[in-house]
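Coordinates as given in entry.pdb (PDB, C-alpha atoms and all ligand atoms):
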```pdb
MODEL        1
ATOM      1  CA  MET B1200      21.240  -1.250  -9.448  1.00  0.00           C
ATOM      2  CA  LYS B1201      20.055  -0.859  -5.883  1.00  0.00           C
ATOM      3  CA  ASP B1202      20.699  -3.882  -3.678  1.00  0.00           C
ATOM      4  CA  ASN B1203      17.307  -4.866  -2.295  1.00  0.00           C
ATOM      5  CA  SER B1204      18.397  -8.125  -0.683  1.00  0.00           C
ATOM      6  CA  TYR B1205      17.679  -6.782   2.817  1.00  0.00           C
ATOM      7  CA  ILE B1206      13.959  -6.960   1.942  1.00  0.00           C
ATOM      8  CA  ALA B1207      14.027 -10.747   1.591  1.00  0.00           C
ATOM      9  CA  ASP B1208      15.875 -10.999   4.920  1.00  0.00           C
ATOM     10  CA  ARG B1209      13.253  -8.849   6.663  1.00  0.00           C
ATOM     11  CA  ILE B1210      10.404 -10.951   5.238  1.00  0.00           C
ATOM     12  CA  LYS B1211      12.053 -14.147   6.458  1.00  0.00           C
ATOM     13  CA  THR B1212      12.926 -12.747   9.885  1.00  0.00           C
ATOM     14  CA  ILE B1213       9.466 -11.352  10.589  1.00  0.00           C
ATOM     15  CA  SER B1214       7.654 -14.419   9.187  1.00  0.00           C
ATOM     16  CA  ALA B1215       9.732 -16.731  11.391  1.00  0.00           C
ATOM     17  CA  THR B1216       8.562 -14.958  14.563  1.00  0.00           C
ATOM     18  CA  LEU B1217       4.820 -15.015  13.790  1.00  0.00           C
ATOM     19  CA  PRO B1218       2.520 -17.439  15.577  1.00  0.00           C
ATOM     20  CA  LYS B1219       0.573 -19.866  13.378  1.00  0.00           C
ATOM     21  CA  GLY B1220      -2.562 -18.275  11.990  1.00  0.00           C
ATOM     22  CA  VAL B1221      -1.139 -14.762  11.732  1.00  0.00           C
ATOM     23  CA  THR B1222      -0.802 -13.458   8.172  1.00  0.00           C
ATOM     24  CA  LEU B1223       1.877 -10.924   7.289  1.00  0.00           C
ATOM     25  CA  ILE B1224       0.719  -8.275   4.834  1.00  0.00           C
ATOM     26  CA  ALA B1225       3.699  -6.457   3.353  1.00  0.00           C
ATOM     27  CA  VAL B1226       2.617  -2.833   2.970  1.00  0.00           C
ATOM     28  CA  SER B1227       4.287  -1.852  -0.280  1.00  0.00           C
ATOM     29  CA  LYS B1228       2.778   1.619  -0.751  1.00  0.00           C
ATOM     30  CA  TYR B1229       5.345   4.070  -2.166  1.00  0.00           C
ATOM     31  CA  HIS B1230       7.726   1.211  -2.991  1.00  0.00           C
ATOM     32  CA  PRO B1231       8.588   0.221  -6.568  1.00  0.00           C
ATOM     33  CA  THR B1232       7.858  -3.079  -8.251  1.00  0.00           C
ATOM     34  CA  GLU B1233      11.519  -4.199  -7.904  1.00  0.00           C
ATOM     35  CA  ALA B1234      11.251  -3.949  -4.121  1.00  0.00           C
ATOM     36  CA  ILE B1235       7.981  -5.881  -4.176  1.00  0.00           C
ATOM     37  CA  MET B1236       9.546  -8.584  -6.369  1.00  0.00           C
ATOM     38  CA  GLU B1237      12.333  -8.996  -3.814  1.00  0.00           C
ATOM     39  CA  ALA B1238       9.696  -9.775  -1.173  1.00  0.00           C
ATOM     40  CA  TYR B1239       7.742 -11.958  -3.609  1.00  0.00           C
ATOM     41  CA  ASN B1240      10.822 -14.031  -4.365  1.00  0.00           C
ATOM     42  CA  ALA B1241      11.272 -14.578  -0.640  1.00  0.00           C
ATOM     43  CA  GLY B1242       7.812 -16.179  -0.609  1.00  0.00           C
ATOM     44  CA  GLN B1243       5.651 -13.207   0.336  1.00  0.00           C
ATOM     45  CA  ARG B1244       2.218 -13.220  -1.370  1.00  0.00           C
ATOM     46  CA  ASP B1245       0.049 -10.748   0.592  1.00  0.00           C
ATOM     47  CA  PHE B1246       0.697  -7.087  -0.145  1.00  0.00           C
ATOM     48  CA  GLY B1247      -1.085  -3.910   0.977  1.00  0.00           C
ATOM     49  CA  GLU B1248      -1.557  -0.644  -0.893  1.00  0.00           C
ATOM     50  CA  SER B1249      -3.340   2.555   0.069  1.00  0.00           C
ATOM     51  CA  LYS B1250      -3.963   4.245  -3.298  1.00  0.00           C
ATOM     52  CA  ALA B1251      -6.259   2.741  -5.923  1.00  0.00           C
ATOM     53  CA  GLN B1252      -4.277   4.157  -8.859  1.00  0.00           C
ATOM     54  CA  ASP B1253      -0.966   2.706  -7.621  1.00  0.00           C
ATOM     55  CA  LEU B1254      -2.632  -0.596  -6.882  1.00  0.00           C
ATOM     56  CA  VAL B1255      -4.039  -0.919 -10.401  1.00  0.00           C
ATOM     57  CA  ILE B1256      -0.610  -0.352 -11.953  1.00  0.00           C
ATOM     58  CA  LYS B1257       1.161  -2.751  -9.594  1.00  0.00           C
ATOM     59  CA  HIS B1258      -1.513  -5.394 -10.117  1.00  0.00           C
ATOM     60  CA  GLN B1259      -0.913  -5.172 -13.874  1.00  0.00           C
ATOM     61  CA  GLU B1260       2.865  -5.320 -13.603  1.00  0.00           C
ATOM     62  CA  LEU B1261       3.323  -7.962 -10.922  1.00  0.00           C
ATOM     63  CA  PRO B1262       2.619 -11.728 -10.693  1.00  0.00           C
ATOM     64  CA  SER B1263      -1.045 -12.702 -10.709  1.00  0.00           C
ATOM     65  CA  ASP B1264      -0.857 -14.891  -7.599  1.00  0.00           C
ATOM     66  CA  ILE B1265      -0.281 -11.863  -5.355  1.00  0.00           C
ATOM     67  CA  GLN B1266      -3.179 -11.230  -2.953  1.00  0.00           C
ATOM     68  CA  TRP B1267      -3.739  -7.481  -2.886  1.00  0.00           C
ATOM     69  CA  HIS B1268      -5.126  -5.770   0.213  1.00  0.00           C
ATOM     70  CA  PHE B1269      -6.552  -2.268   0.088  1.00  0.00           C
ATOM     71  CA  ILE B1270      -5.717  -0.492   3.365  1.00  0.00           C
ATOM     72  CA  GLY B1271      -6.107   3.229   2.612  1.00  0.00           C
ATOM     73  CA  HIS B1272      -9.034   5.598   2.615  1.00  0.00           C
ATOM     74  CA  LEU B1273     -11.232   4.428  -0.270  1.00  0.00           C
ATOM     75  CA  GLN B1274     -13.066   6.935  -2.454  1.00  0.00           C
ATOM     76  CA  SER B1275     -16.327   5.710  -3.971  1.00  0.00           C
ATOM     77  CA  ASN B1276     -15.321   6.664  -7.500  1.00  0.00           C
ATOM     78  CA  LYS B1277     -12.172   4.471  -7.304  1.00  0.00           C
ATOM     79  CA  ILE B1278     -13.840   1.228  -6.244  1.00  0.00           C
ATOM     80  CA  LYS B1279     -14.527   0.092  -9.799  1.00  0.00           C
ATOM     81  CA  TYR B1280     -10.809   0.001 -10.625  1.00  0.00           C
ATOM     82  CA  ILE B1281      -9.906  -2.455  -7.878  1.00  0.00           C
ATOM     83  CA  ALA B1282     -13.184  -4.414  -7.650  1.00  0.00           C
ATOM     84  CA  PRO B1283     -12.228  -7.102 -10.197  1.00  0.00           C
ATOM     85  CA  PHE B1284      -9.134  -8.309  -8.353  1.00  0.00           C
ATOM     86  CA  ILE B1285      -8.957  -6.974  -4.789  1.00  0.00           C
ATOM     87  CA  HIS B1286      -8.424  -9.755  -2.234  1.00  0.00           C
ATOM     88  CA  LEU B1287      -9.646  -7.813   0.822  1.00  0.00           C
ATOM     89  CA  ILE B1288     -10.730  -4.202   1.411  1.00  0.00           C
ATOM     90  CA  HIS B1289      -9.697  -3.306   4.985  1.00  0.00           C
ATOM     91  CA  SER B1290     -11.045   0.229   5.136  1.00  0.00           C
ATOM     92  CA  ILE B1291     -14.842   0.253   5.014  1.00  0.00           C
ATOM     93  CA  ASP B1292     -15.826   3.212   7.189  1.00  0.00           C
ATOM     94  CA  SER B1293     -19.490   3.809   6.305  1.00  0.00           C
ATOM     95  CA  LEU B1294     -22.598   1.926   5.187  1.00  0.00           C
ATOM     96  CA  ARG B1295     -22.580   4.102   2.067  1.00  0.00           C
ATOM     97  CA  LEU B1296     -19.118   2.881   1.100  1.00  0.00           C
ATOM     98  CA  LEU B1297     -20.172  -0.721   1.721  1.00  0.00           C
ATOM     99  CA  GLN B1298     -23.172  -0.141  -0.564  1.00  0.00           C
ATOM    100  CA  GLU B1299     -20.896   1.321  -3.255  1.00  0.00           C
ATOM    101  CA  VAL B1300     -18.566  -1.679  -3.073  1.00  0.00           C
ATOM    102  CA  ASN B1301     -21.627  -3.926  -3.314  1.00  0.00           C
ATOM    103  CA  LYS B1302     -22.783  -2.065  -6.428  1.00  0.00           C
ATOM    104  CA  GLN B1303     -19.427  -2.551  -8.158  1.00  0.00           C
ATOM    105  CA  GLY B1304     -19.343  -6.195  -7.073  1.00  0.00           C
ATOM    106  CA  ALA B1305     -22.796  -6.708  -8.599  1.00  0.00           C
ATOM    107  CA  LYS B1306     -21.665  -5.223 -11.921  1.00  0.00           C
ATOM    108  CA  ILE B1307     -18.906  -7.792 -12.286  1.00  0.00           C
ATOM    109  CA  GLY B1308     -20.607 -10.682 -10.502  1.00  0.00           C
ATOM    110  CA  ARG B1309     -18.154 -10.809  -7.589  1.00  0.00           C
ATOM    111  CA  CYS B1310     -18.664 -10.995  -3.851  1.00  0.00           C
ATOM    112  CA  ILE B1311     -15.982  -8.674  -2.451  1.00  0.00           C
ATOM    113  CA  PRO B1312     -14.429  -9.431   0.962  1.00  0.00           C
ATOM    114  CA  CYS B1313     -14.390  -6.400   3.291  1.00  0.00           C
ATOM    115  CA  LEU B1314     -13.355  -5.390   6.795  1.00  0.00           C
ATOM    116  CA  LEU B1315     -14.994  -2.681   8.878  1.00  0.00           C
ATOM    117  CA  GLN B1316     -12.433  -0.105   9.996  1.00  0.00           C
ATOM    118  CA  ILE B1317     -12.759   0.857  13.650  1.00  0.00           C
ATOM    119  CA  HIS B1318     -11.626   4.280  14.817  1.00  0.00           C
ATOM    120  CA  ILE B1319      -9.908   3.633  18.095  1.00  0.00           C
ATOM    121  CA  ALA B1320      -6.890   5.943  18.086  1.00  0.00           C
ATOM    122  CA  GLN B1321      -6.723   9.295  19.822  1.00  0.00           C
ATOM    123  CA  GLU B1322      -5.876  11.104  16.568  1.00  0.00           C
ATOM    124  CA  GLU B1323      -8.786  12.771  14.814  1.00  0.00           C
ATOM    125  CA  THR B1324      -7.082  12.231  11.477  1.00  0.00           C
ATOM    126  CA  LYS B1325      -7.763   8.519  11.361  1.00  0.00           C
ATOM    127  CA  PHE B1326     -10.858   7.138   9.642  1.00  0.00           C
ATOM    128  CA  GLY B1327     -13.339   4.512  10.720  1.00  0.00           C
ATOM    129  CA  PHE B1328     -16.505   3.747  12.644  1.00  0.00           C
ATOM    130  CA  THR B1329     -16.455   4.321  16.382  1.00  0.00           C
ATOM    131  CA  PRO B1330     -17.354   1.056  18.144  1.00  0.00           C
ATOM    132  CA  ALA B1331     -20.857   2.446  18.817  1.00  0.00           C
ATOM    133  CA  GLU B1332     -21.353   3.477  15.179  1.00  0.00           C
ATOM    134  CA  CYS B1333     -20.217   0.068  14.016  1.00  0.00           C
ATOM    135  CA  MET B1334     -22.648  -1.713  16.340  1.00  0.00           C
ATOM    136  CA  ALA B1335     -25.472   0.582  15.216  1.00  0.00           C
ATOM    137  CA  MET B1336     -24.722  -0.054  11.539  1.00  0.00           C
ATOM    138  CA  LEU B1337     -24.766  -3.804  12.058  1.00  0.00           C
ATOM    139  CA  GLU B1338     -27.943  -3.677  14.137  1.00  0.00           C
ATOM    140  CA  GLU B1339     -29.709  -1.572  11.506  1.00  0.00           C
ATOM    141  CA  GLY B1340     -29.344  -4.525   9.161  1.00  0.00           C
ATOM    142  CA  THR B1341     -29.150  -3.084   5.626  1.00  0.00           C
ATOM    143  CA  TRP B1342     -25.740  -4.746   5.197  1.00  0.00           C
ATOM    144  CA  GLN B1343     -27.441  -8.147   5.277  1.00  0.00           C
ATOM    145  CA  THR B1344     -29.229  -7.373   2.005  1.00  0.00           C
ATOM    146  CA  LEU B1345     -25.940  -6.696   0.176  1.00  0.00           C
ATOM    147  CA  GLU B1346     -25.139  -9.849  -1.787  1.00  0.00           C
ATOM    148  CA  HIS B1347     -21.917  -8.705  -3.393  1.00  0.00           C
ATOM    149  CA  ILE B1348     -19.936  -7.894  -0.292  1.00  0.00           C
ATOM    150  CA  GLU B1349     -18.899 -10.141   2.559  1.00  0.00           C
ATOM    151  CA  ILE B1350     -17.882  -8.748   5.938  1.00  0.00           C
ATOM    152  CA  ARG B1351     -14.891 -10.785   7.095  1.00  0.00           C
ATOM    153  CA  GLY B1352     -13.914  -8.885  10.243  1.00  0.00           C
ATOM    154  CA  LEU B1353     -12.468  -5.670  11.620  1.00  0.00           C
ATOM    155  CA  MET B1354      -9.457  -3.457  11.018  1.00  0.00           C
ATOM    156  CA  CYS B1355      -7.928  -0.823  13.275  1.00  0.00           C
ATOM    157  CA  MET B1356      -4.932   1.450  13.741  1.00  0.00           C
ATOM    158  CA  ALA B1357      -3.684   2.224  17.233  1.00  0.00           C
ATOM    159  CA  SER B1358      -2.578   5.687  18.316  1.00  0.00           C
ATOM    160  CA  ASN B1359       0.823   6.817  17.157  1.00  0.00           C
ATOM    161  CA  THR B1360       2.400   6.912  20.628  1.00  0.00           C
ATOM    162  CA  ASP B1361       5.238   5.430  22.684  1.00  0.00           C
ATOM    163  CA  ASP B1362       2.765   4.612  25.452  1.00  0.00           C
ATOM    164  CA  ARG B1363       2.559   0.804  25.163  1.00  0.00           C
ATOM    165  CA  GLN B1364      -0.260   0.690  27.739  1.00  0.00           C
ATOM    166  CA  GLN B1365      -2.363   2.980  25.606  1.00  0.00           C
ATOM    167  CA  ILE B1366      -1.735   0.889  22.495  1.00  0.00           C
ATOM    168  CA  ALA B1367      -2.526  -2.343  24.346  1.00  0.00           C
ATOM    169  CA  SER B1368      -5.753  -0.896  25.688  1.00  0.00           C
ATOM    170  CA  GLU B1369      -6.851   0.161  22.190  1.00  0.00           C
ATOM    171  CA  PHE B1370      -6.124  -3.268  20.686  1.00  0.00           C
ATOM    172  CA  SER B1371      -7.912  -4.884  23.608  1.00  0.00           C
ATOM    173  CA  THR B1372     -11.004  -2.740  22.976  1.00  0.00           C
ATOM    174  CA  VAL B1373     -11.110  -3.837  19.336  1.00  0.00           C
ATOM    175  CA  GLN B1374     -10.568  -7.482  20.253  1.00  0.00           C
ATOM    176  CA  ASN B1375     -13.560  -7.307  22.595  1.00  0.00           C
ATOM    177  CA  LEU B1376     -15.644  -5.548  19.961  1.00  0.00           C
ATOM    178  CA  PHE B1377     -14.693  -8.278  17.477  1.00  0.00           C
ATOM    179  CA  LYS B1378     -15.873 -10.981  19.900  1.00  0.00           C
ATOM    180  CA  GLU B1379     -19.112  -9.170  20.587  1.00  0.00           C
ATOM    181  CA  ILE B1380     -19.885  -8.635  16.891  1.00  0.00           C
ATOM    182  CA  LYS B1381     -18.991 -12.239  16.099  1.00  0.00           C
ATOM    183  CA  GLU B1382     -21.390 -13.496  18.765  1.00  0.00           C
ATOM    184  CA  LEU B1383     -24.230 -11.160  17.828  1.00  0.00           C
ATOM    185  CA  HIS B1384     -24.080 -11.104  14.039  1.00  0.00           C
ATOM    186  CA  PHE B1385     -21.805 -13.862  12.706  1.00  0.00           C
ATOM    187  CA  PRO B1386     -22.066 -16.781  15.154  1.00  0.00           C
ATOM    188  CA  ASN B1387     -22.144 -19.423  12.412  1.00  0.00           C
ATOM    189  CA  ASP B1388     -20.048 -17.653   9.813  1.00  0.00           C
ATOM    190  CA  ASP B1389     -16.529 -19.105   9.740  1.00  0.00           C
ATOM    191  CA  ASN B1390     -15.476 -16.411   7.279  1.00  0.00           C
ATOM    192  CA  PHE B1391     -15.918 -13.695   9.886  1.00  0.00           C
ATOM    193  CA  ALA B1392     -12.470 -14.372  11.296  1.00  0.00           C
ATOM    194  CA  VAL B1393     -10.159 -11.490  10.385  1.00  0.00           C
ATOM    195  CA  LEU B1394      -8.763  -8.987  12.846  1.00  0.00           C
ATOM    196  CA  SER B1395      -6.381  -6.703  10.939  1.00  0.00           C
ATOM    197  CA  ALA B1396      -4.347  -4.925  13.597  1.00  0.00           C
ATOM    198  CA  GLY B1397      -0.723  -3.969  14.089  1.00  0.00           C
ATOM    199  CA  MET B1398       1.911  -2.176  12.013  1.00  0.00           C
ATOM    200  CA  SER B1399       5.725  -2.034  12.154  1.00  0.00           C
ATOM    201  CA  ASP B1400       5.915  -0.399  15.581  1.00  0.00           C
ATOM    202  CA  ASP B1401       3.137  -2.232  17.366  1.00  0.00           C
ATOM    203  CA  TYR B1402       2.387  -5.583  15.712  1.00  0.00           C
ATOM    204  CA  PRO B1403       3.722  -7.742  18.589  1.00  0.00           C
ATOM    205  CA  ILE B1404       1.204  -6.041  20.904  1.00  0.00           C
ATOM    206  CA  ALA B1405      -1.591  -6.484  18.341  1.00  0.00           C
ATOM    207  CA  ILE B1406      -0.858 -10.214  18.148  1.00  0.00           C
ATOM    208  CA  GLU B1407      -1.232 -10.473  21.932  1.00  0.00           C
ATOM    209  CA  TYR B1408      -4.735  -9.087  21.449  1.00  0.00           C
ATOM    210  CA  GLY B1409      -5.844 -11.499  18.767  1.00  0.00           C
ATOM    211  CA  SER B1410      -4.652  -9.913  15.539  1.00  0.00           C
ATOM    212  CA  THR B1411      -4.816 -12.337  12.610  1.00  0.00           C
ATOM    213  CA  HIS B1412      -3.426  -9.976   9.951  1.00  0.00           C
ATOM    214  CA  ILE B1413      -0.564  -7.570  10.569  1.00  0.00           C
ATOM    215  CA  ARG B1414       0.188  -4.760   8.095  1.00  0.00           C
ATOM    216  CA  VAL B1415       3.915  -4.112   8.059  1.00  0.00           C
ATOM    217  CA  GLY B1416       5.523  -1.521   5.792  1.00  0.00           C
ATOM    218  CA  SER B1417       8.614   0.344   6.958  1.00  0.00           C
ATOM    219  CA  SER B1418      10.128  -2.590   8.901  1.00  0.00           C
ATOM    220  CA  ILE B1419      10.268  -4.497   5.610  1.00  0.00           C
ATOM    221  CA  PHE B1420      10.922  -1.907   2.940  1.00  0.00           C
ATOM    222  CA  ILE B1421      12.953   0.879   4.576  1.00  0.00           C
ATOM    223  CA  GLU B1422      16.649   0.032   4.679  1.00  0.00           C
TER     224      GLU B1422
HETATM  225  C1  LIG D1501       1.189   2.630   5.933  1.00  0.00           C
HETATM  226  C2  LIG D1501       0.225   1.768   6.657  1.00  0.00           C
HETATM  227  C3  LIG D1501       0.669   0.629   7.360  1.00  0.00           C
HETATM  228  C4  LIG D1501       2.140   0.264   7.496  1.00  0.00           C
HETATM  229  O1  LIG D1501       2.772   1.127   8.392  1.00  0.00           O
HETATM  230  P1  LIG D1501       4.292   0.880   8.868  1.00  0.00           P
HETATM  231  O2  LIG D1501       4.404   1.686  10.114  1.00  0.00           O
HETATM  232  O3  LIG D1501       5.147   1.395   7.752  1.00  0.00           O
HETATM  233  O4  LIG D1501       4.457  -0.559   9.092  1.00  0.00           O
HETATM  234  C5  LIG D1501      -0.290  -0.166   7.967  1.00  0.00           C
HETATM  235  N1  LIG D1501      -1.599   0.138   7.912  1.00  0.00           N
HETATM  236  C6  LIG D1501      -2.060   1.226   7.255  1.00  0.00           C
HETATM  237  C7  LIG D1501      -3.517   1.497   7.232  1.00  0.00           C
HETATM  238  C8  LIG D1501      -1.159   2.080   6.616  1.00  0.00           C
HETATM  239  O5  LIG D1501      -1.627   3.165   5.983  1.00  0.00           O
ENDMDL
END
```
Written as structure tokens, that's how I'd like the structure from this file.
Amino acid sequence: MKDNSYIADRIKTISATLPKGVTLIAVSKYHPTEAIMEAYNAGQRDFGESKAQDLVIKHQELPSDIQWHFIGHLQSNKIKYIAPFIHLIHSIDSLRLLQEVNKQGAKIGRCIPCLLQIHIAQEETKFGFTPAECMAMLEEGTWQTLEHIEIRGLMCMASNTDDRQQIASEFSTVQNLFKEIKELHFPNDDNFAVLSAGMSDDYPIAIEYGSTHIRVGSSIFIE
């Protein structure tokens, strides 16, 4: 059997360096249940997946106190499979998708926590609202009529680059957007408090710019 004990060490090492109030999400996409159990047994409870099908299987096979985060591009026709148990959907990138999540939430009588994904990176391949699109969507107001979703904050991915200045400037932009949106649309809503930013290569920078949830995959699961 493969020795997975390095995974527990990584969880402990990373967790020990995090400031209070920052949640580590272990991104377990592509990794088998045995690897996830190694992290679980080290105390890890928040896990992230990017494919609905994989998530459904892992949710069935693994302990029920795991908090599952959906971080990938979400297709409307897959929402119903994860709606009953998903802890937080990080990747809302259109009002239409938010409405679809709301519809599935209504069917099962659940209010589903969501983040708005902000496109901030230079790469065209990444999904999300531009800051202007996000502001326009919130100003338009339809989201306020959706009773089965709750917007908890923002998510972003920085550019895939070695230029630390560039990465810092992108995280800073999203931090400022978060503050602006909080002030304008959620001033009295304590649940609007999540800034999901930072991955294996850039999470220390993200934390400097207010990240509350870091999504770390390869630094935990790749030996
Ligand atoms: C895969 C993935 C991560 C984790 O990336 P690592 O570089 O392996 O830490 C974080 N966020 C999203 C949206 C991802 O798809």
- [ ] Please write the residues picked by the PyMOL selection byres (((chain B and resi 1211-1218) around 10) and not hetatm) on this file as a ChimeraX atom specification.
- [x] /B:1205-1210,1219-1223,1238,1241-1243,1402-1403,1406,1411,1413,1415,1418-1419
Open item on the list: I need the residue nearest ligand LIG 1501 (chain D) from this list: B:Asn1240, B:Gln1365, B:Gln1259, B:Asn1359. Use all atoms listed in the file for the distance.
Closed with: B:Asn1359
Show me which residues line ligand LIG 1501 (chain D), defined as having an atom within 6 Å of a ligand atom where all atoms listed in the file count, and present them as a PDB file with C-alpha atoms, keeping the file's coordinate frame.
```pdb
ATOM      1  CA  VAL B1226       2.617  -2.833   2.970  1.00  0.00           C
ATOM      2  CA  ILE B1270      -5.717  -0.492   3.365  1.00  0.00           C
ATOM      3  CA  GLY B1271      -6.107   3.229   2.612  1.00  0.00           C
ATOM      4  CA  MET B1398       1.911  -2.176  12.013  1.00  0.00           C
ATOM      5  CA  SER B1399       5.725  -2.034  12.154  1.00  0.00           C
ATOM      6  CA  ARG B1414       0.188  -4.760   8.095  1.00  0.00           C
ATOM      7  CA  VAL B1415       3.915  -4.112   8.059  1.00  0.00           C
ATOM      8  CA  GLY B1416       5.523  -1.521   5.792  1.00  0.00           C
ATOM      9  CA  SER B1417       8.614   0.344   6.958  1.00  0.00           C
TER      10      SER B1417
END
```
- [ ] Evaluate the PyMOL selection byres (((chain B and resi 1279) around 12) and not hetatm) and record the selected residues as a list in words, following the chain and residue labels used in the document.
- [x]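 Output from the PyMOL selection byres (((chain B and resi 1279) around 12) and not hetatm), applied to this file: Ala1251, Gln1252, Val1255, Leu1273, Gln1274, Ser1275, Asn1276, Lys1277, Ile1278, Tyr1280, Ile1281, Ala1282, Pro1283, Phe1284, Ile1285, Glu1299, Val1300, Asn1301, Lys1302, Gln1303, Gly1304, Ala1305, Lys1306, Ile1307, Arg1309 and Ile1311 of chain B.
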Open item on the list: Applying the PyMOL selection byres (((chain B and resi 1355) around 7) and not hetatm) to the file I just gave you, which residues come out? Please list them as a PyMOL selection string.
Closed with: chain B and resi 1316-1319+1353-1354+1356-1357+1395-1396
Task: Among listed residues B:Glu1332, B:Glu1339, B:Asp1292, B:Asp1264, nearest Cys1313 of chain B (using all atoms listed in the file) - done: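 Of all the options, B:Asp1292 lies closest to Cys1313 of chain B.
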- [ ] Fewer than 6 positions away in the same chain doesn't count, so skip those; otherwise give me all residues within 10 Å of Glu1233 of chain B, counting all atoms listed in the file, as a PyMOL selection string.
- [x] chain B and resi 1201+1203+1239+1261
TODO: Would you mind reading off the distance between atom CA of His1258 of chain B and atom CA of Asp1202 of chain B, one decimal, in Å?
DONE: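 Between these atoms lies a distance of 23.2 Å.
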- [ ] Find the spatial neighbours of Gln1374 of chain B, counting all atoms listed in the file, within a cut-off of 7 Å - ignore same-chain residues fewer than 3 positions away - and output them as a PyMOL selection string.
- [x] chain B and resi 1370-1371+1377-1378+1408-1409
Segment 1393-1398 of chain B, all listed atoms, 6 Å padding on each side: what axis-aligned box centre and edge lengths in Å to one decimal come out, as AutoDock Vina command-line options?
```
--center_x -4.1 --center_y -6.8 --center_z 12.2 --size_x 24.1 --size_y 21.3 --size_z 15.7
```
Task: Counting all atoms listed in the file, the option among B:Asp1389, B:Asp1401, B:Asp1361, B:Glu1379 closest to Cys1333 of chain B - done: B:Glu1379
Open item on the list: Here is a test: counting only C-alpha atoms, which residue of B:Val1393, B:Leu1337, B:Leu1345, B:Ala1234 is nearest to Leu1287 of chain B?
Closed with: B:Val1393
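Using all atoms listed in the file, the smallest distance between any of B:Glu1248, B:Ile1235, B:Tyr1229, B:Trp1267 and Ser1204 of chain B comes from B:Ile1235.
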